[in-house]
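Source file: work06.cif. Holds: mmCIF, C-alpha atoms.
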data_final
loop_
_atom_site.label_atom_id
_atom_site.label_comp_id
_atom_site.auth_asym_id
_atom_site.auth_seq_id
_atom_site.Cartn_x
_atom_site.Cartn_y
_atom_site.Cartn_z
CA MET X 931 -30.17 -25.36 -28.89
CA ASN X 932 -28.90 -28.17 -26.67
CA LYS X 933 -31.15 -31.05 -25.82
CA THR X 934 -33.25 -30.53 -22.71
CA PRO X 935 -31.73 -32.55 -19.85
CA GLU X 936 -33.54 -35.69 -18.69
CA GLN X 937 -33.10 -34.58 -15.07
CA LYS X 938 -35.34 -31.59 -14.50
CA SER X 939 -34.23 -28.65 -12.39
CA LEU X 940 -35.66 -29.00 -8.86
CA GLU X 941 -37.49 -32.04 -10.15
CA GLU X 942 -39.85 -32.26 -7.16
CA ILE X 943 -41.42 -28.89 -8.07
CA ASN X 944 -40.81 -28.74 -11.83
CA ALA X 945 -44.12 -28.19 -13.69
CA SER X 946 -45.96 -28.76 -10.40
CA VAL X 947 -48.21 -25.67 -10.46
CA LYS X 948 -50.98 -25.77 -13.08
CA VAL X 949 -51.77 -22.44 -14.72
CA PRO X 950 -54.71 -21.39 -16.92
CA SER X 951 -54.40 -21.90 -20.67
CA VAL X 952 -53.49 -19.03 -22.98
CA TYR X 953 -56.95 -19.42 -24.51
CA GLU X 954 -58.68 -18.55 -21.21
CA ASP X 955 -59.62 -14.92 -20.51
CA SER X 956 -59.11 -14.46 -16.76
CA LEU X 957 -56.06 -12.18 -16.38
CA VAL X 958 -56.38 -12.06 -12.58
CA ARG X 959 -56.38 -15.86 -12.25
CA LYS X 960 -53.39 -16.09 -14.55
CA PHE X 961 -51.42 -13.46 -12.66
CA ILE X 962 -52.11 -15.22 -9.33
CA ALA X 963 -51.18 -18.61 -10.81
CA TYR X 964 -47.87 -17.33 -12.17
CA SER X 965 -47.08 -15.22 -9.08
CA GLY X 966 -44.68 -16.63 -6.52
CA PRO X 967 -41.23 -17.24 -8.00
CA GLY X 968 -40.67 -13.47 -8.03
CA ALA X 969 -41.20 -13.35 -4.25
CA LEU X 970 -38.52 -15.98 -3.64
CA VAL X 971 -36.13 -14.08 -5.89
CA ALA X 972 -36.99 -10.66 -4.42
CA VAL X 973 -35.90 -11.87 -0.98
CA GLY X 974 -32.34 -12.02 -2.31
CA TYR X 975 -32.55 -8.30 -3.06
CA MET X 976 -33.56 -7.36 0.49
CA ASP X 977 -31.69 -9.85 2.68
CA PRO X 978 -29.77 -8.72 5.81
CA GLY X 979 -26.71 -8.08 3.63
CA ASN X 980 -28.60 -5.18 2.04
CA TRP X 981 -29.77 -3.72 5.32
CA LEU X 982 -26.59 -2.20 6.68
CA THR X 983 -25.53 -0.78 3.29
CA SER X 984 -28.91 0.96 2.99
CA LEU X 985 -28.96 2.17 6.60
CA SER X 986 -25.33 3.30 6.43
CA GLY X 987 -25.99 5.06 3.12
CA GLY X 988 -28.83 6.99 4.70
CA SER X 989 -26.92 7.87 7.88
CA GLN X 990 -23.96 9.26 5.88
CA PHE X 991 -25.61 10.84 2.83
CA LYS X 992 -29.25 11.17 3.82
CA TYR X 993 -31.38 10.36 0.75
CA GLN X 994 -28.78 10.94 -1.98
CA LEU X 995 -28.19 7.22 -2.63
CA LEU X 996 -31.82 6.42 -3.39
CA SER X 997 -30.91 6.81 -7.07
CA VAL X 998 -28.33 4.02 -6.69
CA LEU X 999 -31.00 1.73 -5.26
CA LEU X 1000 -33.29 2.52 -8.18
CA ILE X 1001 -30.60 1.87 -10.79
CA SER X 1002 -29.65 -1.41 -9.06
CA ILE X 1003 -33.21 -2.69 -9.19
CA LEU X 1004 -33.60 -1.68 -12.86
CA VAL X 1005 -30.46 -3.67 -13.69
CA ALA X 1006 -31.81 -6.54 -11.58
CA MET X 1007 -35.09 -6.52 -13.51
CA PHE X 1008 -33.17 -6.89 -16.78
CA MET X 1009 -30.97 -9.70 -15.43
CA GLN X 1010 -33.95 -11.59 -13.99
CA MET X 1011 -35.79 -11.22 -17.29
CA LEU X 1012 -32.90 -12.97 -19.05
CA SER X 1013 -32.91 -15.68 -16.39
CA ILE X 1014 -36.65 -16.27 -16.86
CA LYS X 1015 -36.25 -16.41 -20.63
CA LEU X 1016 -33.51 -19.02 -20.36
CA GLY X 1017 -35.55 -21.23 -18.03
CA ILE X 1018 -38.82 -21.09 -19.96
CA THR X 1019 -37.54 -21.30 -23.54
CA THR X 1020 -34.81 -23.93 -23.04
CA GLN X 1021 -36.27 -25.81 -20.04
CA GLN X 1022 -32.82 -25.60 -18.46
CA ASP X 1023 -31.66 -23.66 -15.46
CA LEU X 1024 -28.52 -21.52 -15.67
CA ALA X 1025 -26.32 -24.19 -14.07
CA GLN X 1026 -27.51 -26.86 -16.51
CA ALA X 1027 -27.09 -24.51 -19.48
CA ILE X 1028 -23.49 -23.72 -18.51
CA ALA X 1029 -22.63 -27.34 -17.62
CA SER X 1030 -23.83 -28.55 -21.03
CA ARG X 1031 -21.42 -26.21 -22.81
CA VAL X 1032 -18.16 -26.68 -20.91
CA SER X 1033 -15.79 -29.57 -20.22
CA ARG X 1034 -16.11 -31.66 -17.08
CA PRO X 1035 -13.08 -30.14 -15.25
CA VAL X 1036 -14.36 -26.61 -15.94
CA ARG X 1037 -17.80 -27.68 -14.76
CA TYR X 1038 -16.42 -28.89 -11.43
CA VAL X 1039 -14.39 -25.70 -10.92
CA LEU X 1040 -17.46 -23.56 -11.65
CA TRP X 1041 -19.51 -25.66 -9.25
CA ILE X 1042 -16.99 -25.16 -6.41
CA LEU X 1043 -16.74 -21.41 -7.04
CA ASN X 1044 -20.51 -21.04 -7.11
CA GLU X 1045 -20.95 -23.08 -3.94
CA ILE X 1046 -18.48 -20.80 -2.16
CA ALA X 1047 -20.46 -17.79 -3.39
CA MET X 1048 -23.70 -19.43 -2.18
CA MET X 1049 -22.20 -19.96 1.29
CA ALA X 1050 -21.15 -16.31 1.48
CA THR X 1051 -24.62 -15.24 0.37
CA ASP X 1052 -26.42 -17.55 2.77
CA MET X 1053 -24.20 -16.48 5.65
CA THR X 1054 -25.79 -13.02 5.72
CA GLY X 1055 -29.19 -14.63 6.25
CA VAL X 1056 -27.95 -17.08 8.89
CA VAL X 1057 -25.99 -14.47 10.85
CA GLY X 1058 -28.79 -11.90 10.49
CA THR X 1059 -31.32 -14.36 11.88
CA ALA X 1060 -29.02 -15.32 14.76
CA ILE X 1061 -28.49 -11.65 15.64
CA ALA X 1062 -32.25 -11.04 15.53
CA LEU X 1063 -32.85 -13.97 17.91
CA ASN X 1064 -30.20 -12.53 20.21
CA LEU X 1065 -31.75 -9.05 20.15
CA LEU X 1066 -35.29 -10.31 20.70
CA PHE X 1067 -34.82 -13.25 23.07
CA LYS X 1068 -31.17 -12.97 24.26
CA ILE X 1069 -30.38 -16.33 22.64
CA PRO X 1070 -26.57 -16.70 22.30
CA LEU X 1071 -25.39 -16.29 18.71
CA ILE X 1072 -24.05 -19.85 18.37
CA PHE X 1073 -27.44 -21.31 19.35
CA GLY X 1074 -29.15 -18.83 17.03
CA VAL X 1075 -27.02 -20.10 14.15
CA ILE X 1076 -27.89 -23.72 15.00
CA LEU X 1077 -31.60 -22.89 15.13
CA THR X 1078 -31.35 -21.12 11.79
CA ILE X 1079 -29.68 -24.14 10.17
CA PHE X 1080 -32.82 -26.14 10.95
CA ASP X 1081 -34.60 -23.69 8.65
CA VAL X 1082 -33.02 -25.63 5.78
CA LEU X 1083 -34.72 -28.83 6.94
CA VAL X 1084 -38.05 -27.00 7.17
CA VAL X 1085 -37.66 -25.89 3.55
CA LEU X 1086 -37.04 -29.45 2.39
CA VAL X 1087 -40.11 -30.66 4.31
CA PHE X 1088 -42.33 -27.92 2.88
CA LEU X 1089 -41.22 -28.77 -0.67
CA ARG X 1090 -43.12 -32.03 -0.27
CA PHE X 1091 -46.32 -29.99 -0.02
CA GLY X 1092 -45.57 -27.92 -3.12
CA ILE X 1093 -43.63 -24.79 -3.98
CA LYS X 1094 -46.76 -22.62 -3.86
CA ARG X 1095 -46.93 -22.88 -0.05
CA ILE X 1096 -43.33 -21.72 0.28
CA GLU X 1097 -44.04 -18.86 -2.13
CA TRP X 1098 -46.98 -17.69 -0.01
CA ILE X 1099 -44.95 -17.90 3.22
CA VAL X 1100 -42.20 -15.78 1.68
CA LEU X 1101 -44.66 -13.25 0.21
CA ILE X 1102 -46.41 -12.83 3.58
CA GLY X 1103 -43.00 -12.33 5.19
CA ILE X 1104 -42.08 -9.62 2.66
CA LEU X 1105 -45.37 -7.81 3.23
CA ILE X 1106 -44.95 -7.90 7.02
CA VAL X 1107 -41.41 -6.49 6.75
CA GLY X 1108 -42.64 -3.78 4.38
CA LEU X 1109 -45.44 -2.88 6.80
CA ILE X 1110 -43.02 -2.66 9.73
CA PHE X 1111 -40.67 -0.29 7.94
CA GLY X 1112 -43.58 1.68 6.52
CA ILE X 1113 -44.78 2.30 10.08
CA GLU X 1114 -41.30 3.27 11.29
CA VAL X 1115 -40.70 5.67 8.39
CA PHE X 1116 -44.18 7.19 8.80
CA ARG X 1117 -43.44 7.86 12.47
CA ALA X 1118 -40.06 9.38 11.55
CA ASN X 1119 -41.85 11.94 9.30
CA PRO X 1120 -39.10 12.34 6.64
CA ASN X 1121 -38.76 15.21 4.16
CA TRP X 1122 -40.55 13.85 1.09
CA THR X 1123 -39.26 16.61 -1.20
CA ALA X 1124 -35.68 15.68 -0.30
CA ILE X 1125 -36.54 12.01 -0.86
CA TRP X 1126 -37.78 12.77 -4.38
CA ASN X 1127 -34.59 14.72 -5.09
CA GLY X 1128 -32.58 11.72 -3.88
CA VAL X 1129 -34.23 9.49 -6.48
CA LEU X 1130 -32.77 11.66 -9.26
CA PRO X 1131 -29.21 10.54 -10.23
CA THR X 1132 -26.37 12.91 -9.38
CA SER X 1133 -22.74 13.10 -10.54
CA LYS X 1134 -21.66 13.39 -6.89
CA VAL X 1135 -21.90 9.61 -6.67
CA LEU X 1136 -18.91 9.38 -9.05
CA THR X 1137 -16.84 12.26 -7.68
CA ASN X 1138 -17.20 11.62 -3.93
CA HIS X 1139 -14.96 8.65 -3.08
CA THR X 1140 -16.84 7.61 0.07
CA MET X 1141 -20.19 7.89 -1.69
CA LEU X 1142 -18.90 5.86 -4.65
CA ALA X 1143 -17.55 3.11 -2.39
CA LEU X 1144 -20.86 2.88 -0.51
CA SER X 1145 -22.77 2.91 -3.82
CA LEU X 1146 -20.72 -0.04 -5.03
CA GLY X 1147 -21.53 -1.77 -1.75
CA ILE X 1148 -25.24 -1.20 -2.35
CA VAL X 1149 -25.01 -2.55 -5.90
CA GLY X 1150 -22.96 -5.56 -4.76
CA ALA X 1151 -25.38 -6.35 -1.94
CA THR X 1152 -28.36 -6.01 -4.29
CA ILE X 1153 -27.39 -7.87 -7.48
CA MET X 1154 -26.24 -11.38 -6.58
CA PRO X 1155 -25.70 -14.33 -8.98
CA HIS X 1156 -27.63 -16.89 -6.94
CA ASN X 1157 -30.88 -15.13 -7.91
CA LEU X 1158 -30.17 -15.83 -11.59
CA TYR X 1159 -29.72 -19.54 -10.93
CA LEU X 1160 -32.80 -19.56 -8.74
CA HIS X 1161 -35.13 -17.80 -11.15
CA SER X 1162 -34.10 -19.86 -14.19
CA SER X 1163 -35.26 -22.92 -12.28
CA LEU X 1164 -38.36 -21.52 -10.55
CA ALA X 1165 -39.62 -20.24 -13.92
CA GLN X 1166 -40.10 -23.90 -14.83
CA SER X 1167 -42.36 -24.64 -11.85
CA ARG X 1168 -45.54 -23.77 -13.80
CA ARG X 1169 -47.29 -26.49 -15.83
CA TYR X 1170 -48.63 -25.69 -19.30
CA ASP X 1171 -48.23 -26.78 -22.93
CA TYR X 1172 -44.56 -26.09 -23.73
CA ASN X 1173 -45.17 -27.01 -27.37
CA ASP X 1174 -47.62 -24.14 -27.92
CA PRO X 1175 -45.69 -20.94 -28.85
CA LYS X 1176 -48.58 -18.74 -27.71
CA GLN X 1177 -48.58 -20.41 -24.30
CA VAL X 1178 -44.81 -20.02 -23.95
CA THR X 1179 -45.05 -16.33 -24.89
CA GLU X 1180 -47.77 -15.80 -22.29
CA ALA X 1181 -45.73 -17.66 -19.67
CA LEU X 1182 -42.81 -15.31 -20.34
CA HIS X 1183 -45.13 -12.30 -20.11
CA PHE X 1184 -46.64 -13.23 -16.73
CA ALA X 1185 -43.34 -14.48 -15.28
CA ASN X 1186 -41.80 -11.09 -16.03
CA TRP X 1187 -44.75 -9.28 -14.47
CA ASP X 1188 -44.38 -11.47 -11.38
CA SER X 1189 -40.65 -10.75 -11.19
CA ASN X 1190 -40.91 -6.99 -11.69
CA THR X 1191 -43.79 -6.62 -9.22
CA HIS X 1192 -41.85 -8.30 -6.44
CA LEU X 1193 -38.62 -6.49 -7.27
CA VAL X 1194 -40.52 -3.21 -6.84
CA LEU X 1195 -41.47 -4.47 -3.35
CA ALA X 1196 -37.79 -5.17 -2.67
CA LEU X 1197 -36.91 -1.66 -3.89
CA ILE X 1198 -39.53 -0.11 -1.58
CA ILE X 1199 -38.21 -2.01 1.46
CA ASN X 1200 -34.58 -1.08 0.72
CA ALA X 1201 -35.64 2.53 0.13
CA LEU X 1202 -37.54 2.58 3.44
CA LEU X 1203 -34.40 1.36 5.22
CA LEU X 1204 -32.28 4.06 3.60
CA ILE X 1205 -34.91 6.72 4.40
CA LEU X 1206 -35.04 5.49 8.00
CA GLY X 1207 -31.27 5.77 8.28
CA GLY X 1208 -31.29 9.20 6.62
CA THR X 1209 -34.10 10.54 8.80
CA LEU X 1210 -33.10 9.22 12.22
CA PHE X 1211 -29.35 8.71 12.07
CA TYR X 1212 -28.06 11.35 9.63
CA HIS X 1213 -24.84 12.92 10.96
CA THR X 1214 -24.93 10.97 14.22
CA LYS X 1215 -21.62 10.17 15.86
CA GLY X 1216 -20.15 7.09 14.21
CA ASN X 1217 -21.62 5.03 11.38
CA LEU X 1218 -24.19 2.30 11.70
CA MET X 1219 -21.74 -0.60 11.65
CA THR X 1220 -23.86 -3.32 13.28
CA PHE X 1221 -27.50 -4.30 13.74
CA GLN X 1222 -26.93 -3.83 17.47
CA ASP X 1223 -26.09 -0.16 16.79
CA VAL X 1224 -29.39 0.34 14.98
CA PHE X 1225 -31.38 -1.64 17.57
CA ASN X 1226 -29.94 0.44 20.43
CA GLY X 1227 -30.20 3.68 18.46
CA LEU X 1228 -33.93 3.29 17.85
CA LYS X 1229 -34.60 3.43 21.60
CA ASP X 1230 -32.03 6.11 22.42
CA PRO X 1231 -33.61 9.60 22.87
CA VAL X 1232 -30.19 11.20 22.39
CA LEU X 1233 -30.04 9.85 18.83
CA VAL X 1234 -33.64 9.82 17.62
CA GLY X 1235 -35.34 12.25 20.00
CA HIS X 1236 -38.98 11.77 20.88
CA LEU X 1237 -39.29 8.89 18.40
CA ALA X 1238 -37.14 6.68 20.63
CA SER X 1239 -39.11 3.64 21.67
CA PRO X 1240 -38.44 0.01 22.68
CA LEU X 1241 -41.27 -0.89 20.28
CA MET X 1242 -39.35 0.64 17.36
CA SER X 1243 -36.31 -1.49 18.28
CA TRP X 1244 -38.43 -4.61 18.72
CA LEU X 1245 -40.11 -4.16 15.33
CA PHE X 1246 -36.73 -3.67 13.69
CA ALA X 1247 -35.41 -6.92 15.18
CA LEU X 1248 -38.62 -8.76 14.22
CA ALA X 1249 -38.26 -7.59 10.61
CA LEU X 1250 -34.62 -8.72 10.66
CA LEU X 1251 -35.67 -12.15 11.94
CA ILE X 1252 -38.32 -12.59 9.24
CA THR X 1253 -36.00 -11.41 6.48
CA GLY X 1254 -33.18 -13.68 7.63
CA LEU X 1255 -35.45 -16.73 7.71
CA ILE X 1256 -37.02 -16.20 4.29
CA SER X 1257 -33.68 -15.28 2.67
CA SER X 1258 -32.29 -18.60 3.92
CA ILE X 1259 -35.09 -20.34 2.04
CA SER X 1260 -34.13 -18.80 -1.30
CA SER X 1261 -30.41 -19.41 -0.68
CA THR X 1262 -31.07 -23.07 0.14
CA LEU X 1263 -33.03 -23.57 -3.08
CA ALA X 1264 -30.36 -21.77 -5.12
CA GLY X 1265 -27.65 -23.98 -3.63
CA GLN X 1266 -29.62 -27.09 -4.56
CA ILE X 1267 -30.05 -25.82 -8.13
CA VAL X 1268 -26.32 -25.14 -8.51
CA MET X 1269 -25.35 -28.56 -7.15
CA GLU X 1270 -27.84 -30.48 -9.32
CA GLY X 1271 -27.11 -28.44 -12.44
CA TYR X 1272 -23.31 -28.64 -12.39
CA LEU X 1273 -23.01 -32.20 -11.07
#
Starting from the coordinates I provided, produce the structure as structure tokens.
Amino acid sequence: MNKTPEQKSLEEINASVKVPSVYEDSLVRKFIAYSGPGALVAVGYMDPGNWLTSLSGGSQFKYQLLSVLLISILVAMFMQMLSIKLGITTQQDLAQAIASRVSRPVRYVLWILNEIAMMATDMTGVVGTAIALNLLFKIPLIFGVILTIFDVLVVLVFLRFGIKRIEWIVLIGILIVGLIFGIEVFRANPNWTAIWNGVLPTSKVLTNHTMLALSLGIVGATIMPHNLYLHSSLAQSRRYDYNDPKQVTEALHFANWDSNTHLVLALIINALLLILGGTLFYHTKGNLMTFQDVFNGLKDPVLVGHLASPLMSWLFALALLITGLISSISSTLAGQIVMEGYL
């Protein structure tokens, strides 16, 4: 094993959150203490980039692609588990671990490629937030983008008060978004038997070209590398005795529980989006190509019948705004981890 780097990953938050000792009995206190990093990571699995793939999947194939969402999250759970294990057992994040094993020119090339990927990932959050501001308050997109960029500065300021506060902000945001889509799906009154059938994998996903292409889009929008960099660093934010094997084992155990719990929340939100698209927009004229299409469709009686309501549209845009803002937080932290680790 390579020597642990002197420069800690996200040094300002590394080992900043004290957790109960392995020799204490309170499972609830331990779970709460370790909970948080999973929320920041889960945001990456439900950012605005996921929204249109889920909504479009529902509008074209009703609930048949729910199985693809489920498989994507199961793969994500495995990948995040490996990321957590790397961070806790080696005290290195993924960028540091790679940088310590390759030559300097290769390290710089990998850094540039990863930064480009981070920009592409973060763009969905920035653009999604700008569109939400435009839908809600008629703010021009360019000004919405500028306002969203200031979100980065807010993140850096909040880091001074500890990572736990950011984790709680993100978790509250996820719960609000889940509540909004829960209400919208409940009002849409979907066919729950058909939903259950959609969770079961089908060979049609492989034989239908359009369905396969959209499935790959769902997988690509769900599993993104920046979450692996992010989690390998955030897993080191808890403070305990790293020299005690029992404590390290318990840290791995609770970090995985935290990760899987929040990824289930991400799965539920993505599934609610797909169910909403499948219930309200199935076989409508044209696909859901933009957020504006969905926003207008939710208040159009021709498309959604008696469920049409400006409130439904407003709630959709509000959820988009919240998701865009909190996804920008995780992307900003991931970008910082990549830059520090490779350079």
* To do: Write out as a PyMOL selection string which residues come within 9 Å of Pro1240 of chain X when counting all atoms listed in the file, dropping same-chain ones fewer than 5 positions away.
  => chain X and resi 1225-1226+1228-1230+1245
* Evaluate the PyMOL selection byres ((chain X and resi 1254) around 9) and report residues as an MDAnalysis selection string -> chainID X and resid 977:978 1054:1060 1062 1078 1249:1253 1255:1259
* Within 6 Å of segment 1202-1204 of chain X, counting only C-alpha atoms, which residues qualify if same-chain residues fewer than 3 places away don't, as a VMD selection string? -> chain X and resid 984 to 985 988 1199 1207
* Asked: Which value, in Å to one decimal, gives the distance between atom CA of Ser1162 of chain X and atom CA of Ser1145 of chain X?
  ->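 Separation of atom CA of Ser1162 of chain X and atom CA of Ser1145 of chain X: 27.5 Å.
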* One decimal, Å: what's the distance from atom CA of Lys948 of chain X over to atom CA of Ala1196 of chain X, could you say? => 26.6 Å
Could you tell me, as a PDB file with C-alpha atoms, in the coordinates of the input, exactly which residues end up selected when the PyMOL selection byres ((chain X and resi 939-944) around 9) is applied to this structure?
ATOM      1  CA  PRO X 935     -31.730 -32.550 -19.850  1.00  0.00           C
ATOM      2  CA  GLN X 937     -33.100 -34.580 -15.070  1.00  0.00           C
ATOM      3  CA  LYS X 938     -35.340 -31.590 -14.500  1.00  0.00           C
ATOM      4  CA  ALA X 945     -44.120 -28.190 -13.690  1.00  0.00           C
ATOM      5  CA  SER X 946     -45.960 -28.760 -10.400  1.00  0.00           C
ATOM      6  CA  VAL X 947     -48.210 -25.670 -10.460  1.00  0.00           C
ATOM      7  CA  GLN X1021     -36.270 -25.810 -20.040  1.00  0.00           C
ATOM      8  CA  GLN X1022     -32.820 -25.600 -18.460  1.00  0.00           C
ATOM      9  CA  ASP X1023     -31.660 -23.660 -15.460  1.00  0.00           C
ATOM     10  CA  GLN X1026     -27.510 -26.860 -16.510  1.00  0.00           C
ATOM     11  CA  LEU X1089     -41.220 -28.770  -0.670  1.00  0.00           C
ATOM     12  CA  ARG X1090     -43.120 -32.030  -0.270  1.00  0.00           C
ATOM     13  CA  GLY X1092     -45.570 -27.920  -3.120  1.00  0.00           C
ATOM     14  CA  ILE X1093     -43.630 -24.790  -3.980  1.00  0.00           C
ATOM     15  CA  SER X1162     -34.100 -19.860 -14.190  1.00  0.00           C
ATOM     16  CA  SER X1163     -35.260 -22.920 -12.280  1.00  0.00           C
ATOM     17  CA  LEU X1164     -38.360 -21.520 -10.550  1.00  0.00           C
ATOM     18  CA  ALA X1165     -39.620 -20.240 -13.920  1.00  0.00           C
ATOM     19  CA  GLN X1166     -40.100 -23.900 -14.830  1.00  0.00           C
ATOM     20  CA  SER X1167     -42.360 -24.640 -11.850  1.00  0.00           C
ATOM     21  CA  ARG X1168     -45.540 -23.770 -13.800  1.00  0.00           C
ATOM     22  CA  ARG X1169     -47.290 -26.490 -15.830  1.00  0.00           C
ATOM     23  CA  LEU X1263     -33.030 -23.570  -3.080  1.00  0.00           C
ATOM     24  CA  GLN X1266     -29.620 -27.090  -4.560  1.00  0.00           C
ATOM     25  CA  ILE X1267     -30.050 -25.820  -8.130  1.00  0.00           C
ATOM     26  CA  GLU X1270     -27.840 -30.480  -9.320  1.00  0.00           C
ATOM     27  CA  GLY X1271     -27.110 -28.440 -12.440  1.00  0.00           C
TER      28      GLY X1271
END
Long-range neighbours of Ile1042 of chain X as a PDB file with C-alpha atoms, keeping the file's coordinate frame, 12 Å cut-off, all atoms listed in the file, 3 positions minimum in chain:
ATOM      1  CA  PRO X1035     -13.080 -30.140 -15.250  1.00  0.00           C
ATOM      2  CA  VAL X1036     -14.360 -26.610 -15.940  1.00  0.00           C
ATOM      3  CA  ARG X1037     -17.800 -27.680 -14.760  1.00  0.00           C
ATOM      4  CA  TYR X1038     -16.420 -28.890 -11.430  1.00  0.00           C
ATOM      5  CA  VAL X1039     -14.390 -25.700 -10.920  1.00  0.00           C
ATOM      6  CA  GLU X1045     -20.950 -23.080  -3.940  1.00  0.00           C
ATOM      7  CA  ILE X1046     -18.480 -20.800  -2.160  1.00  0.00           C
ATOM      8  CA  ALA X1047     -20.460 -17.790  -3.390  1.00  0.00           C
ATOM      9  CA  MET X1048     -23.700 -19.430  -2.180  1.00  0.00           C
ATOM     10  CA  MET X1049     -22.200 -19.960   1.290  1.00  0.00           C
ATOM     11  CA  GLY X1265     -27.650 -23.980  -3.630  1.00  0.00           C
ATOM     12  CA  VAL X1268     -26.320 -25.140  -8.510  1.00  0.00           C
ATOM     13  CA  MET X1269     -25.350 -28.560  -7.150  1.00  0.00           C
ATOM     14  CA  TYR X1272     -23.310 -28.640 -12.390  1.00  0.00           C
ATOM     15  CA  LEU X1273     -23.010 -32.200 -11.070  1.00  0.00           C
TER      16      LEU X1273
END
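Reported to one decimal place, the separation of atom CA of Val998 of chain X from atom CA of Ile1148 of chain X is 7.5 Å.
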* Exactly which residues make up the result of the PyMOL selection byres ((chain X and resi 1233) around 10) on this file, given as a PyMOL selection string? -> chain X and resi 1210-1215+1226-1232+1234-1238
Residues within 8 Å of Val1129 of chain X, please, as a PDB file with C-alpha atoms, in the coordinates of the input. Count all atoms listed in the file; anything in the same chain fewer than 3 positions from it doesn't count.
ATOM      1  CA  TYR X 993     -31.380  10.360   0.750  1.00  0.00           C
ATOM      2  CA  GLN X 994     -28.780  10.940  -1.980  1.00  0.00           C
ATOM      3  CA  LEU X 995     -28.190   7.220  -2.630  1.00  0.00           C
ATOM      4  CA  LEU X 996     -31.820   6.420  -3.390  1.00  0.00           C
ATOM      5  CA  SER X 997     -30.910   6.810  -7.070  1.00  0.00           C
ATOM      6  CA  LEU X1000     -33.290   2.520  -8.180  1.00  0.00           C
ATOM      7  CA  ILE X1125     -36.540  12.010  -0.860  1.00  0.00           C
ATOM      8  CA  TRP X1126     -37.780  12.770  -4.380  1.00  0.00           C
TER       9      TRP X1126
END
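The residue that comes closest to Ile1205 of chain X, out of X:Met976, X:Ala1124, X:Leu1066, X:Ile1072 and on the basis of only C-alpha atoms, is X:Ala1124.
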* Counting all atoms listed in the file, the option among X:Asp1081, X:Asp1188, X:Asp955, X:Asp1052 closest to Gly979 of chain X ->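 The answer is X:Asp1052, which sits nearest to Gly979 of chain X.
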* Which of these residues is nearest to His1161 of chain X, using all atoms listed in the file: X:Ile1069, X:Ala1264, X:Val958, X:Leu1101? ->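 Under the stated criterion, the closest residue is X:Ala1264.
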* From the set X:Tyr975, X:Trp1244, X:Phe991, X:Trp1122, which residue has the shortest atom-to-atom contact distance to His1156 of chain X, counting all atoms listed in the file? -> X:Tyr975
